[in-house]
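J.: Okay, here's the structure, questions in a sec.
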Amino acid sequence: MLNWLLIFIPITAALEYVFHAGDALTFISAALSIIPIAAMMGEATENLAVKTGPTIGGLLNATFGNATELIIAFFALKAGKIDVVKASITGSMIGNMLLVLGLALFLGGLKFQKQVFSKETAGALSSLLVIVMIAFLVPALFDFTERADGVSPTQIISSDAHFSLAASFVLIGLYICNMLFSLVTHKDLISASDDEHEGPAWPVGRAVGTLLVSTLVVAWLSEVLVGSLEGFSKGLGLSEVFAGLIIIPIVGNAAEHSASVFAVKNKLDISIQIALGATIQIALLVAPALVIMSFLIGQPMDLVIHRPLELAGLVGATLITASVSRDGETNWLEGAMLLGVYLLLAVAFFYLPIGV
């Protein structure tokens, strides 16, 4: 149904490389191009989930979705846009927890009076969400303690970066433990059966190939989109904070929005795995990997969130999402609650003065 939007892929290429059009037009065209590719990724993931189960299916969707964000962030790091990278990391986590999951629960709840999902899976993911919150609270408190103790600004920058580098290896270790738990030692405990599928399933090779090609195309489109973002946001008078926290994650998380497709089909276990799995993967794998890469390319980045509103948004999103997902059942009102919190944060970031 969305395949007609594929026409915007060559249009985007022409606008970017032939006509050198304005940033606003290029940005809109690239964003529209990503929508059908994200839908294709969702369909490929659904077909894989038929053969692998919702746990691995959700993990694959989160991984391929976050691969795009990792590529975008890497190029932004090379360009020295560290604040934008950090804002996009926080925005992606908040967006996955509140927007992606909220929209999935809301749309699924409109079709079904009550939807249920695996308590064991949700419980394990909720516990990891608390780790996510701690992973970003500790660097912020570390930085605050340094400043309160009168440490020199130069020393603060150095110690924040080196603390974040050490913490990154710890977080990656926790992510590996989570993978072992989910896929090896307790795979029967947290997996749920999901045998319903409309029509014949794709061969594994076709599904994986679609995901790989889609990821490459989305990565290119996202690079074009990010390249035109600065001019687009300045033209609209938007702050860099709003662009990094709201606009980039919405586009970068396009693949994760397939969670809504699964929710409408009453396959909520996959929706939960996609939304929360992507959040956990960003915090425990993508963000630490970016910190390590930043040292390798000579652009050291830390994990410190300096803006209180940004930190409060992450903590609030984590707490409400963990609360909603722990009981194993949901309805449209809980989805509306998550979306409402996201809109409150988006409005707050929108009205932050430019340069804050």
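As shown in the structure tokens, the chain order sets the letters A, B, ...; within each chain, residues go from 1, and ligands are also counted from 1 in the order they appear.
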Show which residues sit within 9 Å of Met40 in chain A, as a list of chain:residue names. Count only C-alpha atoms, and ignore same-chain residues fewer than 6 positions away.
T.: A:Asn3, A:Thr210, A:Leu211, A:Ser214, A:Ala255
J.: Given the selection you just returned, output its residues as a file containing C-alpha atoms, formatted as a PDB file, in the first residue's frame.
T.:
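Result saved to result-v4.pdb:
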ATOM      1  CA  ASN A   3       5.017   1.149  -2.252  1.00  0.00           C
ATOM      2  CA  THR A 210      15.440  -7.596   2.237  1.00  0.00           C
ATOM      3  CA  LEU A 211      16.583  -6.442   5.681  1.00  0.00           C
ATOM      4  CA  SER A 214      16.683  -1.968   3.237  1.00  0.00           C
ATOM      5  CA  ALA A 255      11.913   0.738  11.085  1.00  0.00           C
TER       6      ALA A 255
END
J.: Could you pull the residues within 10 Å of range 307-320 of chain A, counting only C-alpha atoms, minus those fewer than 6 positions along the same chain, as a ChimeraX atom specification?
T.: /A:87,90-91,93-98,126,128-134,136-137,140,241,245,276,279,334,337-338,341-342,344-346,348-349,352,356
J.: Keeping only N, CA and C atoms, write the selected residues as an mmCIF file, in the first residue's frame.
T.:
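Output file selection.cif is given in full below:
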data_model
loop_
_atom_site.group_PDB
_atom_site.id
_atom_site.type_symbol
_atom_site.label_atom_id
_atom_site.label_comp_id
_atom_site.auth_asym_id
_atom_site.auth_seq_id
_atom_site.Cartn_x
_atom_site.Cartn_y
_atom_site.Cartn_z
ATOM 1 N N ALA A 87 22.272 13.970 21.798
ATOM 2 C CA ALA A 87 20.840 14.267 21.832
ATOM 3 C C ALA A 87 20.041 13.216 21.066
ATOM 4 N N THR A 90 19.633 10.021 23.237
ATOM 5 C CA THR A 90 18.567 10.181 24.229
ATOM 6 C C THR A 90 17.204 10.215 23.552
ATOM 7 N N GLY A 91 17.104 10.964 22.459
ATOM 8 C CA GLY A 91 15.833 11.072 21.753
ATOM 9 C C GLY A 91 15.356 9.750 21.194
ATOM 10 N N MET A 93 15.967 6.744 22.483
ATOM 11 C CA MET A 93 15.458 5.929 23.590
ATOM 12 C C MET A 93 14.088 6.408 24.039
ATOM 13 N N ILE A 94 13.940 7.725 24.199
ATOM 14 C CA ILE A 94 12.643 8.269 24.598
ATOM 15 C C ILE A 94 11.595 7.973 23.527
ATOM 16 N N GLY A 95 11.974 8.124 22.258
ATOM 17 C CA GLY A 95 11.043 7.872 21.169
ATOM 18 C C GLY A 95 10.594 6.425 21.093
ATOM 19 N N ASN A 96 11.513 5.486 21.306
ATOM 20 C CA ASN A 96 11.146 4.067 21.272
ATOM 21 C C ASN A 96 10.198 3.709 22.404
ATOM 22 N N MET A 97 10.485 4.227 23.595
ATOM 23 C CA MET A 97 9.660 3.883 24.757
ATOM 24 C C MET A 97 8.286 4.534 24.711
ATOM 25 N N LEU A 98 8.236 5.801 24.315
ATOM 26 C CA LEU A 98 6.980 6.542 24.395
ATOM 27 C C LEU A 98 6.228 6.606 23.071
ATOM 28 N N SER A 126 11.791 -4.918 31.340
ATOM 29 C CA SER A 126 11.582 -3.814 32.277
ATOM 30 C C SER A 126 12.762 -3.664 33.227
ATOM 31 N N LEU A 128 15.813 -4.425 32.549
ATOM 32 C CA LEU A 128 16.898 -3.829 31.764
ATOM 33 C C LEU A 128 16.664 -2.338 31.531
ATOM 34 N N LEU A 129 15.385 -1.929 31.471
ATOM 35 C CA LEU A 129 15.093 -0.508 31.328
ATOM 36 C C LEU A 129 15.594 0.276 32.539
ATOM 37 N N VAL A 130 15.497 -0.338 33.708
ATOM 38 C CA VAL A 130 16.022 0.313 34.910
ATOM 39 C C VAL A 130 17.541 0.463 34.799
ATOM 40 N N ILE A 131 18.201 -0.554 34.243
ATOM 41 C CA ILE A 131 19.645 -0.462 34.012
ATOM 42 C C ILE A 131 19.949 0.679 33.051
ATOM 43 N N VAL A 132 19.089 0.844 32.033
ATOM 44 C CA VAL A 132 19.254 1.940 31.080
ATOM 45 C C VAL A 132 19.225 3.278 31.811
ATOM 46 N N MET A 133 18.255 3.426 32.709
ATOM 47 C CA MET A 133 18.130 4.672 33.458
ATOM 48 C C MET A 133 19.375 4.917 34.306
ATOM 49 N N ILE A 134 19.845 3.880 34.987
ATOM 50 C CA ILE A 134 21.037 4.010 35.826
ATOM 51 C C ILE A 134 22.266 4.322 34.978
ATOM 52 N N PHE A 136 22.603 6.122 32.482
ATOM 53 C CA PHE A 136 22.735 7.534 32.115
ATOM 54 C C PHE A 136 22.640 8.461 33.323
ATOM 55 N N LEU A 137 22.116 7.972 34.435
ATOM 56 C CA LEU A 137 22.108 8.774 35.657
ATOM 57 C C LEU A 137 23.502 8.862 36.269
ATOM 58 N N ALA A 140 25.880 11.439 34.687
ATOM 59 C CA ALA A 140 25.422 12.789 35.001
ATOM 60 C C ALA A 140 25.752 13.156 36.444
ATOM 61 N N VAL A 241 18.617 21.236 19.846
ATOM 62 C CA VAL A 241 18.137 20.253 20.821
ATOM 63 C C VAL A 241 16.890 19.563 20.303
ATOM 64 N N LEU A 245 16.714 15.652 19.434
ATOM 65 C CA LEU A 245 15.908 14.827 20.330
ATOM 66 C C LEU A 245 14.608 14.337 19.707
ATOM 67 N N LEU A 276 11.011 -2.021 23.137
ATOM 68 C CA LEU A 276 11.880 -2.034 24.317
ATOM 69 C C LEU A 276 13.251 -2.609 23.981
ATOM 70 N N THR A 279 15.320 0.122 22.523
ATOM 71 C CA THR A 279 15.760 1.053 23.568
ATOM 72 C C THR A 279 16.969 0.500 24.313
ATOM 73 N N GLU A 334 -3.451 3.008 27.937
ATOM 74 C CA GLU A 334 -2.032 3.000 28.308
ATOM 75 C C GLU A 334 -1.172 3.505 27.153
ATOM 76 N N MET A 337 -1.459 7.212 27.168
ATOM 77 C CA MET A 337 -0.648 7.795 28.237
ATOM 78 C C MET A 337 0.793 7.982 27.782
ATOM 79 N N LEU A 338 1.359 6.961 27.153
ATOM 80 C CA LEU A 338 2.736 7.059 26.665
ATOM 81 C C LEU A 338 2.864 8.152 25.610
ATOM 82 N N VAL A 341 2.786 11.648 27.256
ATOM 83 C CA VAL A 341 4.058 12.039 27.868
ATOM 84 C C VAL A 341 5.050 12.460 26.790
ATOM 85 N N TYR A 342 5.052 11.733 25.670
ATOM 86 C CA TYR A 342 5.969 12.083 24.577
ATOM 87 C C TYR A 342 5.658 13.470 24.029
ATOM 88 N N LEU A 344 4.214 15.944 25.601
ATOM 89 C CA LEU A 344 4.616 16.937 26.598
ATOM 90 C C LEU A 344 6.103 17.257 26.473
ATOM 91 N N LEU A 345 6.923 16.203 26.348
ATOM 92 C CA LEU A 345 8.363 16.406 26.211
ATOM 93 C C LEU A 345 8.692 17.108 24.894
ATOM 94 N N ALA A 346 8.014 16.723 23.817
ATOM 95 C CA ALA A 346 8.272 17.344 22.517
ATOM 96 C C ALA A 346 7.958 18.835 22.557
ATOM 97 N N ALA A 348 7.967 20.741 25.224
ATOM 98 C CA ALA A 348 8.981 21.380 26.079
ATOM 99 C C ALA A 348 10.276 21.617 25.311
ATOM 100 N N PHE A 349 10.738 20.605 24.564
ATOM 101 C CA PHE A 349 11.972 20.760 23.791
ATOM 102 C C PHE A 349 11.787 21.776 22.661
ATOM 103 N N LEU A 352 12.325 25.255 23.987
ATOM 104 C CA LEU A 352 13.644 25.614 24.496
ATOM 105 C C LEU A 352 14.293 26.630 23.561
ATOM 106 N N VAL A 356 20.269 26.464 23.487
ATOM 107 C CA VAL A 356 20.287 25.888 24.840
ATOM 108 C C VAL A 356 20.736 24.454 24.787
#
J.: Name the residues of range 205-334 of chain A that fall into alpha helix (DSSP H) according to DSSP on the backbone, using the chain letters and numbers of this document, as a PyMOL selection string.
T.: chain A and resi 205-236+240-242+248-252+258-264+268-281+287-296+308-325+332-334
J.: Write out the residues from the selection above, keeping C-alpha atoms, as an mmCIF file, in the first residue's frame.
T.:
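Output below, filename part.cif:
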data_model
loop_
_atom_site.group_PDB
_atom_site.id
_atom_site.type_symbol
_atom_site.label_atom_id
_atom_site.label_comp_id
_atom_site.auth_asym_id
_atom_site.auth_seq_id
_atom_site.Cartn_x
_atom_site.Cartn_y
_atom_site.Cartn_z
ATOM 1 C CA GLY A 205 17.283 -15.813 2.505
ATOM 2 C CA ARG A 206 14.722 -13.452 1.004
ATOM 3 C CA ALA A 207 13.785 -11.988 4.392
ATOM 4 C CA VAL A 208 17.408 -11.456 5.478
ATOM 5 C CA GLY A 209 18.354 -10.058 2.071
ATOM 6 C CA THR A 210 15.440 -7.596 2.237
ATOM 7 C CA LEU A 211 16.583 -6.442 5.681
ATOM 8 C CA LEU A 212 20.175 -5.975 4.543
ATOM 9 C CA VAL A 213 19.291 -4.039 1.377
ATOM 10 C CA SER A 214 16.683 -1.968 3.237
ATOM 11 C CA THR A 215 19.214 -1.062 5.918
ATOM 12 C CA LEU A 216 21.705 0.160 3.310
ATOM 13 C CA VAL A 217 19.072 2.232 1.526
ATOM 14 C CA VAL A 218 17.776 3.715 4.778
ATOM 15 C CA ALA A 219 21.348 4.488 5.857
ATOM 16 C CA TRP A 220 21.936 6.451 2.641
ATOM 17 C CA LEU A 221 18.596 8.240 2.865
ATOM 18 C CA SER A 222 19.215 9.071 6.508
ATOM 19 C CA GLU A 223 22.632 10.514 5.685
ATOM 20 C CA VAL A 224 21.007 12.760 3.083
ATOM 21 C CA LEU A 225 18.292 13.680 5.549
ATOM 22 C CA VAL A 226 20.753 14.552 8.316
ATOM 23 C CA GLY A 227 22.819 16.551 5.861
ATOM 24 C CA SER A 228 19.799 18.709 5.064
ATOM 25 C CA LEU A 229 18.559 18.828 8.653
ATOM 26 C CA GLU A 230 20.619 21.819 9.740
ATOM 27 C CA GLY A 231 19.306 24.046 6.969
ATOM 28 C CA PHE A 232 15.796 22.659 7.409
ATOM 29 C CA SER A 233 15.728 23.324 11.163
ATOM 30 C CA LYS A 234 17.273 26.793 10.848
ATOM 31 C CA GLY A 235 14.744 27.707 8.209
ATOM 32 C CA LEU A 236 11.952 26.797 10.614
ATOM 33 C CA GLU A 240 19.448 21.977 17.679
ATOM 34 C CA VAL A 241 18.137 20.253 20.821
ATOM 35 C CA PHE A 242 14.697 19.763 19.267
ATOM 36 C CA ILE A 248 16.222 12.754 13.917
ATOM 37 C CA PRO A 249 14.914 9.940 16.178
ATOM 38 C CA ILE A 250 11.466 9.961 14.542
ATOM 39 C CA VAL A 251 13.055 9.382 11.143
ATOM 40 C CA GLY A 252 15.841 7.145 12.464
ATOM 41 C CA SER A 258 6.593 -1.663 12.412
ATOM 42 C CA ALA A 259 5.729 -2.432 16.057
ATOM 43 C CA SER A 260 2.350 -0.830 15.325
ATOM 44 C CA VAL A 261 1.762 -3.260 12.455
ATOM 45 C CA PHE A 262 2.304 -6.231 14.748
ATOM 46 C CA ALA A 263 0.137 -4.715 17.497
ATOM 47 C CA VAL A 264 -2.809 -4.278 15.118
ATOM 48 C CA LEU A 268 2.076 -7.735 20.929
ATOM 49 C CA ASP A 269 5.056 -9.838 22.022
ATOM 50 C CA ILE A 270 6.892 -8.803 18.862
ATOM 51 C CA SER A 271 5.840 -5.164 19.370
ATOM 52 C CA ILE A 272 7.246 -5.193 22.910
ATOM 53 C CA GLN A 273 10.467 -6.810 21.719
ATOM 54 C CA ILE A 274 10.892 -4.214 18.975
ATOM 55 C CA ALA A 275 10.206 -1.089 21.041
ATOM 56 C CA LEU A 276 11.880 -2.034 24.317
ATOM 57 C CA GLY A 277 14.565 -4.162 22.675
ATOM 58 C CA ALA A 278 15.595 -1.212 20.503
ATOM 59 C CA THR A 279 15.760 1.053 23.568
ATOM 60 C CA ILE A 280 17.942 -1.399 25.464
ATOM 61 C CA GLN A 281 20.153 -1.965 22.444
ATOM 62 C CA ALA A 287 25.800 4.413 22.788
ATOM 63 C CA PRO A 288 28.820 2.568 24.280
ATOM 64 C CA ALA A 289 30.015 1.602 20.802
ATOM 65 C CA LEU A 290 29.856 5.252 19.751
ATOM 66 C CA VAL A 291 31.895 6.262 22.808
ATOM 67 C CA ILE A 292 34.585 3.708 21.926
ATOM 68 C CA MET A 293 34.585 4.754 18.260
ATOM 69 C CA SER A 294 34.812 8.415 19.265
ATOM 70 C CA PHE A 295 38.151 7.736 20.954
ATOM 71 C CA LEU A 296 39.393 5.805 17.931
ATOM 72 C CA PRO A 308 18.066 18.524 33.369
ATOM 73 C CA LEU A 309 14.975 18.420 31.149
ATOM 74 C CA GLU A 310 16.573 15.837 28.878
ATOM 75 C CA LEU A 311 17.628 13.672 31.824
ATOM 76 C CA ALA A 312 14.209 14.015 33.467
ATOM 77 C CA GLY A 313 12.556 13.018 30.201
ATOM 78 C CA LEU A 314 14.650 9.849 29.979
ATOM 79 C CA VAL A 315 14.005 8.895 33.603
ATOM 80 C CA GLY A 316 10.277 9.614 33.304
ATOM 81 C CA ALA A 317 9.972 7.653 30.060
ATOM 82 C CA THR A 318 11.771 4.688 31.620
ATOM 83 C CA LEU A 319 9.591 4.623 34.737
ATOM 84 C CA ILE A 320 6.229 4.914 32.966
ATOM 85 C CA THR A 321 7.195 2.367 30.291
ATOM 86 C CA ALA A 322 8.382 -0.148 32.893
ATOM 87 C CA SER A 323 5.135 0.358 34.802
ATOM 88 C CA VAL A 324 2.929 -0.148 31.737
ATOM 89 C CA SER A 325 4.771 -3.255 30.507
ATOM 90 C CA TRP A 332 -5.541 1.788 24.248
ATOM 91 C CA LEU A 333 -5.525 4.110 27.282
ATOM 92 C CA GLU A 334 -2.032 3.000 28.308
#
J.: Between CA of Pro153 in chain A and CA of Val304 in chain A, measure the distance and give it in Å to one decimal.
T.: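 Those two atoms sit 14.1 Å apart.
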J.: What is the distance between CA of Ala336 in chain A and CA of Ala124 in chain A, in Å to one decimal?
T.: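 Here the two named atoms are 23.5 Å from each other.
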J.: Taking 2 positions as the minimum chain separation for residues in the same chain, which residues sit within 12 Å of Ile7 in chain A when counting only C-alpha atoms? Answer as a ChimeraX atom specification.
T.: /A:2-5,9-14,29-30,32-37
J.: For CA of Ile282 in chain A and CA of Lys78 in chain A, determine how far apart the two atoms are, in Å to one decimal place.
T.: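 Going from CA of Ile282 in chain A over to CA of Lys78 in chain A, I get 19.2 Å.
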J.: Could you tell me which of A:Ala39, A:Leu101, A:Ile82, A:Leu60 comes closest to Leu339 in chain A if we count only C-alpha atoms?
T.: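 That would be A:Leu101, the residue with the smallest distance to Leu339 in chain A.
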